[in-house]
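Coordinates from protein_25.txt are shown below (compact mmCIF, C-alpha atoms).
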# COMPACT_ATOMS: atom_id res chain seq x y z
CA MET A 1 66.33 -195.58 -220.93
CA PRO A 2 68.95 -198.04 -219.97
CA SER A 3 69.36 -201.08 -221.97
CA LEU A 4 68.15 -204.37 -220.85
CA SER A 5 71.50 -205.83 -220.53
CA LEU A 6 72.45 -203.12 -218.18
CA GLN A 7 69.34 -203.71 -216.18
CA ILE A 8 70.04 -207.41 -216.04
CA PHE A 9 73.62 -206.71 -215.01
CA THR A 10 72.44 -204.40 -212.34
CA LEU A 11 69.95 -206.88 -211.10
CA PHE A 12 72.53 -209.60 -211.10
CA THR A 13 75.04 -207.52 -209.20
CA ASN A 14 72.39 -206.63 -206.65
CA VAL A 15 71.52 -210.30 -206.23
CA VAL A 16 75.19 -211.15 -205.80
CA PHE A 17 75.62 -208.33 -203.37
CA PHE A 18 72.66 -209.42 -201.24
CA ALA A 19 73.77 -213.01 -201.37
CA PHE A 20 77.21 -211.99 -200.20
CA LEU A 21 75.68 -209.86 -197.52
CA PHE A 22 73.47 -212.63 -196.30
CA TYR A 23 76.39 -215.04 -196.26
CA TYR A 24 78.44 -212.67 -194.04
CA PHE A 25 75.48 -212.16 -191.80
CA LEU A 26 75.22 -215.88 -191.27
CA ARG A 27 78.94 -216.11 -190.63
CA PHE A 28 78.76 -213.30 -188.13
CA ARG A 29 75.90 -215.00 -186.26
CA SER A 30 77.84 -218.24 -186.15
CA LYS A 31 80.95 -216.50 -184.75
CA GLU A 32 78.89 -214.65 -182.17
CA ALA A 33 77.38 -217.90 -180.97
CA GLU A 34 80.76 -219.45 -180.76
CA LEU A 35 82.07 -216.43 -178.75
CA ASP A 36 79.16 -216.68 -176.33
CA LYS A 37 79.91 -220.28 -175.86
CA ARG A 38 83.57 -219.55 -175.14
CA SER A 39 82.72 -216.76 -172.82
CA SER A 40 80.36 -218.94 -170.86
CA LYS A 41 83.07 -221.56 -170.60
CA VAL A 42 85.66 -219.06 -169.41
CA ASP A 43 83.25 -217.73 -166.83
CA THR A 44 82.55 -221.19 -165.56
CA ASP A 45 86.26 -221.97 -165.35
CA TYR A 46 86.93 -218.69 -163.55
CA HIS A 47 84.31 -219.31 -160.89
CA GLN A 48 85.62 -222.77 -160.42
CA VAL A 49 89.20 -221.51 -159.91
CA VAL A 50 88.09 -218.80 -157.53
CA ASP A 51 85.99 -221.17 -155.44
CA THR A 52 88.89 -223.56 -155.23
CA ALA A 53 91.26 -220.81 -154.16
CA LEU A 54 88.90 -219.55 -151.48
CA ALA A 55 88.45 -223.04 -150.12
CA ARG A 56 92.22 -223.47 -149.96
CA GLU A 57 92.64 -220.12 -148.29
CA ARG A 58 90.15 -220.94 -145.58
CA LYS A 59 91.90 -224.19 -145.00
CA ILE A 60 95.30 -222.55 -144.71
CA ILE A 61 93.98 -219.94 -142.27
CA GLU A 62 92.35 -222.58 -140.13
CA ASP A 63 95.57 -224.63 -140.09
CA ALA A 64 97.67 -221.55 -139.24
CA THR A 65 95.34 -220.56 -136.43
CA ALA A 66 95.51 -224.03 -134.97
CA GLU A 67 99.29 -224.04 -135.26
CA ALA A 68 99.59 -220.58 -133.65
CA GLU A 69 97.41 -221.63 -130.74
CA THR A 70 99.61 -224.64 -130.20
CA ILE A 71 102.79 -222.53 -130.31
CA LEU A 72 101.32 -220.03 -127.90
CA LYS A 73 100.35 -222.70 -125.48
CA ASN A 74 103.86 -224.18 -125.66
CA ALA A 75 105.47 -220.74 -125.34
CA GLN A 76 103.47 -219.91 -122.23
CA PHE A 77 104.56 -223.10 -120.69
CA VAL A 78 108.21 -222.53 -121.59
CA ASN A 79 108.05 -218.95 -120.36
CA LYS A 80 106.64 -219.93 -117.03
CA SER A 81 109.20 -222.66 -116.44
CA SER A 82 112.04 -220.41 -117.61
CA THR A 83 111.00 -217.60 -115.27
CA GLU A 84 110.98 -219.96 -112.36
CA GLU A 85 114.42 -221.28 -113.26
CA VAL A 86 115.82 -217.77 -113.74
CA ASN A 87 114.38 -216.63 -110.40
CA ILE A 88 115.94 -219.57 -108.64
CA ALA A 89 119.28 -218.89 -110.33
CA LEU A 90 119.14 -215.21 -109.45
CA GLY A 91 118.35 -216.07 -105.83
CA HIS A 92 121.42 -218.26 -105.73
CA MET A 93 123.52 -215.57 -107.34
CA ILE A 94 122.33 -212.90 -104.89
CA ALA A 95 123.15 -215.10 -101.98
CA GLU A 96 126.58 -215.78 -103.44
CA VAL A 97 127.23 -212.13 -104.11
CA GLN A 98 126.13 -211.12 -100.62
CA LYS A 99 128.39 -213.71 -99.14
CA GLU A 100 131.30 -212.61 -101.31
CA ALA A 101 130.64 -208.93 -100.60
CA THR A 102 130.58 -209.54 -96.87
CA ALA A 103 133.89 -211.35 -97.11
CA VAL A 104 135.44 -208.60 -99.25
CA ALA A 105 134.13 -205.86 -96.97
CA LYS A 106 135.51 -207.63 -93.96
CA ASN A 107 138.90 -208.01 -95.63
CA PHE A 108 138.82 -204.40 -96.73
CA MET A 109 138.02 -203.18 -93.21
CA THR A 110 140.84 -205.25 -91.78
CA ASP A 111 143.32 -203.96 -94.36
CA TYR A 112 142.08 -200.40 -93.92
CA GLU A 113 142.47 -200.52 -90.17
CA ALA A 114 145.95 -201.94 -90.54
CA SER A 115 146.92 -199.31 -93.09
CA LEU A 116 145.46 -196.60 -90.92
CA LYS A 117 147.43 -197.75 -87.92
CA GLN A 118 150.61 -197.91 -89.98
CA LEU A 119 149.96 -194.53 -91.53
CA SER A 120 149.21 -192.82 -88.24
CA SER A 121 152.34 -194.19 -86.62
CA GLN A 122 154.41 -193.18 -89.66
CA SER A 123 152.78 -189.75 -89.79
CA LEU A 124 153.51 -189.18 -86.14
CA ALA A 125 157.12 -190.09 -86.71
CA ASP A 126 157.30 -187.84 -89.77
CA PHE A 127 155.61 -185.01 -87.92
CA ASP A 128 158.02 -185.35 -85.07
CA SER A 129 160.92 -185.26 -87.53
CA VAL A 130 159.51 -182.24 -89.35
CA ALA A 131 158.85 -180.45 -86.06
CA LYS A 132 162.42 -181.10 -84.95
CA GLY A 133 163.75 -179.83 -88.28
CA LEU A 134 161.53 -176.79 -88.07
CA LYS A 135 162.71 -176.07 -84.56
CA THR A 136 166.35 -176.35 -85.63
CA ASP A 137 165.76 -174.09 -88.65
CA LEU A 138 163.89 -171.60 -86.53
CA GLN A 139 166.64 -171.53 -83.95
CA ALA A 140 169.21 -171.04 -86.70
CA GLN A 141 167.16 -168.25 -88.21
CA ILE A 142 166.71 -166.58 -84.84
CA LYS A 143 170.43 -166.83 -84.24
CA ASP A 144 171.13 -165.48 -87.69
CA PHE A 145 168.66 -162.68 -87.10
CA GLN A 146 170.26 -161.83 -83.77
CA ASP A 147 173.80 -162.08 -85.10
CA GLN A 148 173.45 -160.36 -88.43
CA LEU A 149 170.08 -158.93 -89.26
CA LEU A 150 169.34 -157.35 -85.88
CA PRO A 151 172.51 -155.23 -85.79
CA GLU A 152 171.94 -154.27 -89.42
CA LEU A 153 168.35 -153.46 -88.63
CA ARG A 154 169.40 -151.40 -85.63
CA SER A 155 172.00 -149.62 -87.72
CA GLU A 156 169.48 -148.97 -90.50
CA LEU A 157 166.95 -147.77 -87.96
CA ALA A 158 169.50 -145.46 -86.43
CA ALA A 159 170.43 -144.14 -89.85
CA TYR A 160 166.80 -143.70 -90.74
CA LYS A 161 166.14 -141.96 -87.41
CA ARG A 162 169.15 -139.69 -88.00
CA ALA A 163 168.00 -138.91 -91.54
CA ARG A 164 164.49 -138.13 -90.36
CA LEU A 165 165.80 -135.99 -87.52
CA ASP A 166 168.08 -134.15 -89.92
CA GLN A 167 165.13 -133.63 -92.20
CA ILE A 168 163.07 -132.29 -89.30
CA GLU A 169 165.93 -130.12 -88.14
CA ASN A 170 166.39 -128.73 -91.62
CA THR A 171 162.69 -128.04 -91.90
CA VAL A 172 162.58 -126.33 -88.50
CA ARG A 173 165.71 -124.38 -89.31
CA GLU A 174 164.27 -123.32 -92.61
CA ILE A 175 161.02 -122.23 -90.99
CA VAL A 176 162.78 -120.31 -88.22
CA GLN A 177 165.19 -118.78 -90.66
CA LYS A 178 162.50 -117.74 -93.10
CA SER A 179 160.40 -116.35 -90.26
CA ALA A 180 163.36 -114.46 -88.81
CA GLN A 181 164.27 -113.22 -92.25
CA GLU A 182 160.76 -111.98 -92.88
CA ILE A 183 160.42 -110.36 -89.47
CA LEU A 184 163.91 -108.89 -89.15
CA ASN A 185 164.09 -107.67 -92.73
CA LYS A 186 160.98 -105.65 -92.07
CA ALA A 187 162.14 -104.55 -88.65
CA LEU A 188 165.74 -103.64 -89.49
CA SER A 189 166.64 -100.47 -91.35
CA LEU A 190 169.71 -100.08 -93.56
CA GLU A 191 171.46 -98.29 -90.71
CA ASP A 192 170.69 -101.19 -88.37
CA HIS A 193 172.12 -103.62 -90.91
CA GLN A 194 175.17 -101.42 -91.30
CA ASP A 195 175.69 -101.28 -87.51
CA LEU A 196 175.39 -105.06 -87.29
CA VAL A 197 177.99 -105.46 -90.08
CA VAL A 198 180.37 -103.09 -88.30
CA LYS A 199 179.83 -105.00 -85.04
CA SER A 200 180.55 -108.27 -86.80
CA LEU A 201 183.78 -106.74 -88.20
CA GLU A 202 184.77 -105.65 -84.68
CA LYS A 203 184.07 -109.14 -83.41
CA ALA A 204 186.16 -110.58 -86.23
CA LYS A 205 188.97 -108.23 -85.25
CA GLN A 206 188.69 -109.36 -81.62
CA GLU A 207 188.82 -112.99 -82.69
CA GLY A 208 191.93 -112.35 -84.76
CA VAL A 209 190.45 -112.87 -88.20
CA PHE A 210 192.44 -109.91 -89.60
CA ASP A 211 195.74 -110.82 -87.91
CA MET B 212 208.01 -93.20 -100.41
CA ALA B 213 204.84 -92.63 -98.42
CA GLU B 214 202.00 -95.14 -98.72
CA LEU B 215 199.18 -93.98 -100.96
CA ASP B 216 195.76 -93.60 -99.35
CA LEU B 217 193.39 -95.05 -101.92
CA SER B 218 190.41 -95.45 -99.61
CA ASP B 219 188.39 -92.74 -101.35
CA LEU B 220 189.13 -94.12 -104.79
CA ILE B 221 188.13 -97.74 -104.59
CA THR B 222 186.29 -99.89 -102.09
CA THR B 223 185.38 -103.12 -103.84
CA LYS B 224 187.20 -105.71 -105.89
CA SER B 225 185.11 -105.02 -108.97
CA GLN B 226 185.75 -101.30 -108.64
CA ALA B 227 189.46 -102.04 -108.41
CA ALA B 228 189.38 -104.05 -111.63
CA ASP B 229 187.56 -101.25 -113.39
CA PHE B 230 189.91 -98.64 -111.94
CA LEU B 231 193.00 -100.54 -113.07
CA SER B 232 191.62 -100.93 -116.56
CA ARG B 233 190.88 -97.22 -116.87
CA LEU B 234 194.26 -96.34 -115.36
CA ALA B 235 196.02 -98.53 -117.94
CA ASN B 236 194.24 -96.65 -120.73
CA LEU B 237 195.24 -93.36 -119.13
CA ILE B 238 198.89 -94.38 -118.98
CA ASP B 239 198.74 -95.29 -122.67
CA SER B 240 197.45 -91.82 -123.53
CA LEU B 241 200.03 -89.89 -121.46
CA TYR B 242 202.37 -89.20 -124.39
CA GLY B 243 199.67 -87.98 -126.73
CA THR B 244 200.07 -84.49 -128.18
CA ASP B 245 196.66 -83.35 -127.00
CA PHE B 246 196.90 -84.98 -123.55
CA HIS B 247 195.51 -82.89 -120.72
CA LEU B 248 195.73 -84.48 -117.28
CA GLU B 249 192.62 -83.06 -115.58
CA LYS B 250 190.45 -83.64 -118.63
CA ALA B 251 191.76 -87.18 -119.02
CA LEU B 252 191.16 -87.93 -115.31
CA LEU B 253 187.69 -86.42 -115.49
CA ASP B 254 186.81 -88.48 -118.56
CA SER B 255 188.20 -91.67 -117.07
CA PHE B 256 187.11 -91.53 -113.43
CA GLY B 257 184.55 -88.75 -112.89
CA ILE B 258 184.88 -85.56 -110.95
CA ARG B 259 185.20 -87.01 -107.43
CA LYS B 260 187.98 -89.46 -108.27
CA LYS B 261 189.65 -86.88 -110.52
CA ASP B 262 189.84 -84.45 -107.56
CA ARG B 263 191.14 -87.15 -105.28
CA LEU B 264 193.85 -88.22 -107.76
CA MET B 265 194.86 -84.60 -108.41
CA SER B 266 195.12 -84.12 -104.65
CA LEU B 267 197.33 -87.21 -104.39
CA ILE B 268 199.57 -85.90 -107.20
CA ARG B 269 199.86 -82.51 -105.57
CA ASP B 270 200.50 -84.03 -102.14
CA SER B 271 203.26 -86.09 -103.66
CA GLY B 272 204.91 -82.92 -104.98
CA LEU B 273 204.89 -84.12 -108.60
CA GLN B 274 204.89 -82.07 -111.79
CA PRO B 275 201.51 -82.69 -113.43
CA ASP B 276 202.75 -81.71 -116.92
CA ASN B 277 205.58 -84.23 -116.95
CA PRO B 278 204.35 -87.44 -118.61
CA ALA B 279 207.20 -89.57 -117.30
CA VAL B 280 206.59 -88.53 -113.72
CA LEU B 281 202.88 -89.08 -114.13
CA LYS B 282 203.49 -92.51 -115.61
CA GLU B 283 205.62 -93.48 -112.66
CA PHE B 284 202.98 -92.21 -110.26
CA PHE B 285 200.15 -94.04 -111.96
CA GLU B 286 202.20 -97.23 -112.05
CA ARG B 287 202.71 -96.83 -108.29
CA VAL B 288 198.98 -96.53 -107.92
CA GLN B 289 198.50 -99.66 -110.07
CA THR B 290 200.92 -101.57 -107.87
CA ALA B 291 199.29 -100.33 -104.68
CA VAL B 292 195.82 -101.27 -105.86
CA SER B 293 196.96 -104.70 -107.01
CA ALA B 294 198.61 -105.26 -103.63
CA LEU B 295 195.49 -104.47 -101.64
CA PRO B 296 194.22 -107.51 -99.71
CA THR B 297 190.66 -108.66 -100.32
CA VAL B 298 188.09 -109.18 -97.58
CA SER B 299 185.14 -111.25 -98.64
CA LEU B 300 181.96 -110.08 -96.93
CA THR B 301 178.64 -111.84 -97.21
CA LEU B 302 175.81 -109.47 -96.37
CA PRO B 303 172.05 -110.05 -96.05
CA PHE B 304 171.27 -106.83 -97.93
CA GLU B 305 172.38 -104.89 -100.97
CA PRO B 306 174.75 -102.19 -99.64
CA ASP B 307 174.58 -98.69 -101.08
CA GLU B 308 177.60 -96.47 -101.76
CA SER B 309 177.45 -94.95 -98.27
CA THR B 310 177.44 -98.32 -96.54
CA LEU B 311 180.31 -99.53 -98.72
CA SER B 312 182.27 -96.43 -97.84
CA THR B 313 181.60 -96.87 -94.11
CA ILE B 314 182.70 -100.48 -94.22
CA SER B 315 185.71 -99.70 -96.36
CA LEU B 316 186.82 -96.90 -93.98
CA TRP B 317 186.45 -99.19 -90.99
CA PHE B 318 189.54 -101.18 -92.05
CA PRO B 319 192.17 -98.35 -92.17
CA GLN B 320 190.71 -96.95 -88.96
CA ASN B 321 190.64 -100.22 -87.04
CA ILE B 322 193.32 -102.48 -88.48
CA ASN B 323 195.45 -99.83 -90.16
CA ARG B 324 195.07 -101.49 -93.50
CA GLN B 325 193.14 -100.65 -96.61
CA VAL B 326 191.32 -103.61 -98.17
CA LEU B 327 189.22 -104.38 -101.20
CA LEU B 328 185.77 -105.63 -100.40
CA ASP B 329 184.35 -108.61 -102.23
CA ILE B 330 180.64 -108.27 -101.47
CA ILE B 331 178.30 -111.25 -101.75
CA VAL B 332 174.59 -110.81 -100.99
CA ASP B 333 172.82 -113.70 -99.25
CA ARG B 334 169.47 -112.75 -97.74
CA GLU B 335 169.29 -115.96 -95.75
CA LEU B 336 171.85 -114.52 -93.35
CA VAL B 337 168.96 -112.39 -91.99
CA ALA B 338 171.31 -109.87 -90.32
CA GLY B 339 175.02 -109.43 -89.51
CA SER B 340 177.65 -110.71 -91.89
CA SER B 341 180.00 -113.51 -92.74
CA VAL B 342 183.70 -112.52 -92.99
CA ASN B 343 186.34 -114.32 -94.99
CA TYR B 344 189.88 -112.99 -94.92
CA ASN B 345 193.13 -114.61 -95.84
CA GLY B 346 191.70 -118.13 -95.54
CA LYS B 347 189.98 -117.44 -92.21
CA SER B 348 186.22 -117.48 -92.14
CA LYS B 349 183.74 -116.39 -89.48
CA ASP B 350 179.98 -116.25 -89.64
CA TYR B 351 178.49 -113.47 -87.49
CA SER B 352 175.07 -113.61 -89.00
CA VAL B 353 171.72 -114.16 -87.31
CA LYS B 354 171.38 -117.31 -89.42
CA ALA B 355 174.42 -118.82 -87.71
CA VAL B 356 173.10 -117.85 -84.28
CA LEU B 357 169.69 -119.37 -85.05
CA THR B 358 171.31 -122.55 -86.35
CA ARG B 359 173.34 -122.91 -83.17
CA ILE B 360 170.31 -122.28 -80.95
CA LEU B 361 168.19 -124.73 -82.94
CA ALA B 362 170.85 -127.40 -82.95
CA ALA B 363 171.24 -127.04 -79.17
CA SER B 364 167.49 -127.09 -78.64
CA LEU B 365 167.04 -130.17 -80.81
CA ALA B 366 169.94 -131.89 -79.07
CA GLY B 367 168.27 -131.16 -75.72
CA SER B 368 171.07 -128.99 -74.32
CA PRO B 369 170.70 -125.35 -73.25
CA PRO B 370 171.17 -122.87 -76.11
CA PRO B 371 174.68 -121.38 -76.43
CA SER B 372 175.27 -117.78 -75.56
CA PRO B 373 175.46 -115.55 -78.69
Could you spell out this file's structure in structure tokens?
Amino acid sequence: MPSLSLQIFTLFTNVVFFAFLFYYFLRFRSKEAELDKRSSKVDTDYHQVVDTALARERKIIEDATAEAETILKNAQFVNKSSTEEVNIALGHMIAEVQKEATAVAKNFMTDYEASLKQLSSQSLADFDSVAKGLKTDLQAQIKDFQDQLLPELRSELAAYKRARLDQIENTVREIVQKSAQEILNKALSLEDHQDLVVKSLEKAKQEGVFD
Amino acid sequence: MAELDLSDLITTKSQAADFLSRLANLIDSLYGTDFHLEKALLDSFGIRKKDRLMSLIRDSGLQPDNPAVLKEFFERVQTAVSALPTVSLTLPFEPDESTLSTISLWFPQNINRQVLLDIIVDRELVAGSSVNYNGKSKDYSVKAVLTRILAASLAGSPPPSP
């Protein structure tokens, strides 16, 4: 069994503990109330700021819309007047350009006709000169042909003709000779050949070959 | 001294060259101790030419056992053969011994002269012959006749008489 003093001490400590606990509880409640109060104030301030901002925003949008409508109205007016001015200016320009183009075309046609006339007369003169030169050259060539080339050509033709004829003659001679050789060699006996040789010797004697 | 008749011994130029070569060898062997004329002639020229040469020796009245006389005779033959004129004959056929003999005999009989034949074979002559003697040449072949006829025909004139 614990002593009394210990029991008293324990009781005292418990009392102190509960007193301390109670004190902190009170403090906690006080701080919570204060926090609620602050929170409520912050919320109020926030709503106030937001409402103010929204009001300002609406105002700005309304002002901008009004301004835009004004600008649009002005722009339409400016656009319309500008278009009219540009159309008028373009009309003037087209007229000017047409006028200028007509003048240029007329000048061009005049110059072209003049150039054409000059060119045709010059060309005719040139052609005449070329034709005369050509005629002279041609005559010279014909003369040259008649004087030099024609005789050479005739001579070459004659030589060619002679060569061809000789060739033909040789061919014919060869054919006749071969044919005669074939035929006579078969037809002639050794005695016939011998007789012909003796006759040729007699002919040679008559012609004085052995004199 | 009578002219030697060599017509039976040689007919052509090539035969003459061969004959002279053999004759030179025979002359060289005349003074040999074992020389016997008929045997030497038979060995060198064959029986036909041996007989003909023996006949020539006898006809000349020479002593066949006297080498000096024989040498003189053979040298005469050499000279006679070398002096024979040559007739060049171009023939269109290869002549046999008989034909050569006939042709060779034609010369002493017709022009009183023995000749050596130089035979050339050219089959393009067809028939007849071409004769060349002492720088003179004549073509009596069918080839020449045909050439003349052809040339005349090609020239447009009547062909010449053969």
Rows by chain and residue number, chain B within 8 Å of chain A, shortest pair, all atoms listed in the file, as CSV:
residue,atom,partner,partner_atom,distance
B:Leu302,CA,A:Val197,CA,7.8
B:Phe304,CA,A:His193,CA,7.8
B:Thr310,CA,A:Gln194,CA,6.5
B:Ile314,CA,A:Val198,CA,6.9
B:Trp317,CA,A:Val198,CA,7.7
B:Ile322,CA,A:Phe210,CA,7.6
B:Arg334,CA,A:Gln181,CA,7.6
B:Glu335,CA,A:Gln181,CA,6.7
B:Leu336,CA,A:Gln181,CA,7.8
B:Val337,CA,A:Gln181,CA,4.8
B:Ala338,CA,A:His193,CA,6.3
B:Gly339,CA,A:Leu196,CA,4.9
B:Ser340,CA,A:Val197,CA,5.6
B:Ser341,CA,A:Ser200,CA,7.9
B:Val342,CA,A:Ala204,CA,7.5
B:Tyr344,CA,A:Phe210,CA,6.7
B:Asn345,CA,A:Phe210,CA,7.8
B:Lys347,CA,A:Val209,CA,6.1
B:Ser348,CA,A:Val209,CA,7.4
B:Lys349,CA,A:Ala204,CA,7.1
B:Tyr351,CA,A:Ser200,CA,5.6
B:Ser352,CA,A:Ser200,CA,8.0
B:Lys354,CA,A:Gln177,CA,6.5
B:Leu357,CA,A:Gln177,CA,7.2
B:Thr358,CA,A:Arg173,CA,6.6
B:Leu361,CA,A:Arg173,CA,6.8
B:Ala362,CA,A:Glu169,CA,7.7
B:Leu365,CA,A:Glu169,CA,7.4
Quiz item: Hey, can you check how far atom CA of B:Phe256 sits from atom CA of B:Asp270?
Solution: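 Computing the Euclidean distance for atom CA of B:Phe256 and atom CA of B:Asp270 yields 19.1 Å.
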Quiz item: Any idea what the distance is between atom CA of B:Thr301 and atom CA of B:Ile330?
Solution: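 Those two atoms sit 5.9 Å apart.
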Report the centre and edge lengths, in Å to one decimal, of an axis-aligned box enclosing every atom of stretch 299-312 of chain B listed in the file, padded by 3 Å on each side, as AutoDock Vina command-line options.
--center_x 178.2 --center_y -103.4 --center_z -98.9 --size_x 19.9 --size_y 22.9 --size_z 11.7
Exercise. Name the residues in contact with stretch 234-238 of chain B at a cut-off of 9 Å, using all atoms listed in the file, excluding same-chain residues fewer than 5 positions from it; report them as a list in words.
Key: Asp229, Ala251, Leu252, Ser255, Phe256, Pro278, Leu281, Lys282, Phe285, Glu286, Val288 and Gln289 of chain B
Export, as an mmCIF file, in the coordinates of the input, the selected residues with C-alpha atoms.
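Printed below is selection-v6.cif as written:
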data_model
loop_
_atom_site.group_PDB
_atom_site.id
_atom_site.type_symbol
_atom_site.label_atom_id
_atom_site.label_comp_id
_atom_site.auth_asym_id
_atom_site.auth_seq_id
_atom_site.Cartn_x
_atom_site.Cartn_y
_atom_site.Cartn_z
ATOM 1 C CA ASP B 229 187.560 -101.250 -113.390
ATOM 2 C CA ALA B 251 191.760 -87.180 -119.020
ATOM 3 C CA LEU B 252 191.160 -87.930 -115.310
ATOM 4 C CA SER B 255 188.200 -91.670 -117.070
ATOM 5 C CA PHE B 256 187.110 -91.530 -113.430
ATOM 6 C CA PRO B 278 204.350 -87.440 -118.610
ATOM 7 C CA LEU B 281 202.880 -89.080 -114.130
ATOM 8 C CA LYS B 282 203.490 -92.510 -115.610
ATOM 9 C CA PHE B 285 200.150 -94.040 -111.960
ATOM 10 C CA GLU B 286 202.200 -97.230 -112.050
ATOM 11 C CA VAL B 288 198.980 -96.530 -107.920
ATOM 12 C CA GLN B 289 198.500 -99.660 -110.070
#
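Contact shell of B:Leu311 at 10 Å (only C-alpha atoms; same-chain neighbours under 2 positions omitted): Gln194 of chain A; Ile221, Thr222, Thr223, Glu305, Pro306, Asp307, Glu308, Ser309, Thr313, Ile314, Ser315, Leu316, Trp317, Leu328 and Ile330 of chain B.
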Quiz item: Pick from B:Ser299, B:Asn323, B:Ser312, B:Gln274: nearest to B:Leu220, with all atoms listed in the file counted?
Solution: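 Comparing B:Ser299, B:Asn323, B:Ser312, B:Gln274 against B:Leu220, the winner is B:Ser312.
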Quiz item: Any idea what the distance is between atom CA of B:Asp276 and atom CA of B:Gly243?
Solution: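 Spanning atom CA of B:Asp276 to atom CA of B:Gly243 is a straight-line distance of 12.0 Å.
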Exercise. Identify which of the residues B:Gln320, B:Arg233, B:Thr297, B:Leu241 lies closest to B:Glu283, counting all atoms listed in the file when measuring atom-to-atom distances.
Key: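 Smallest separation from B:Glu283 among the options: B:Leu241.
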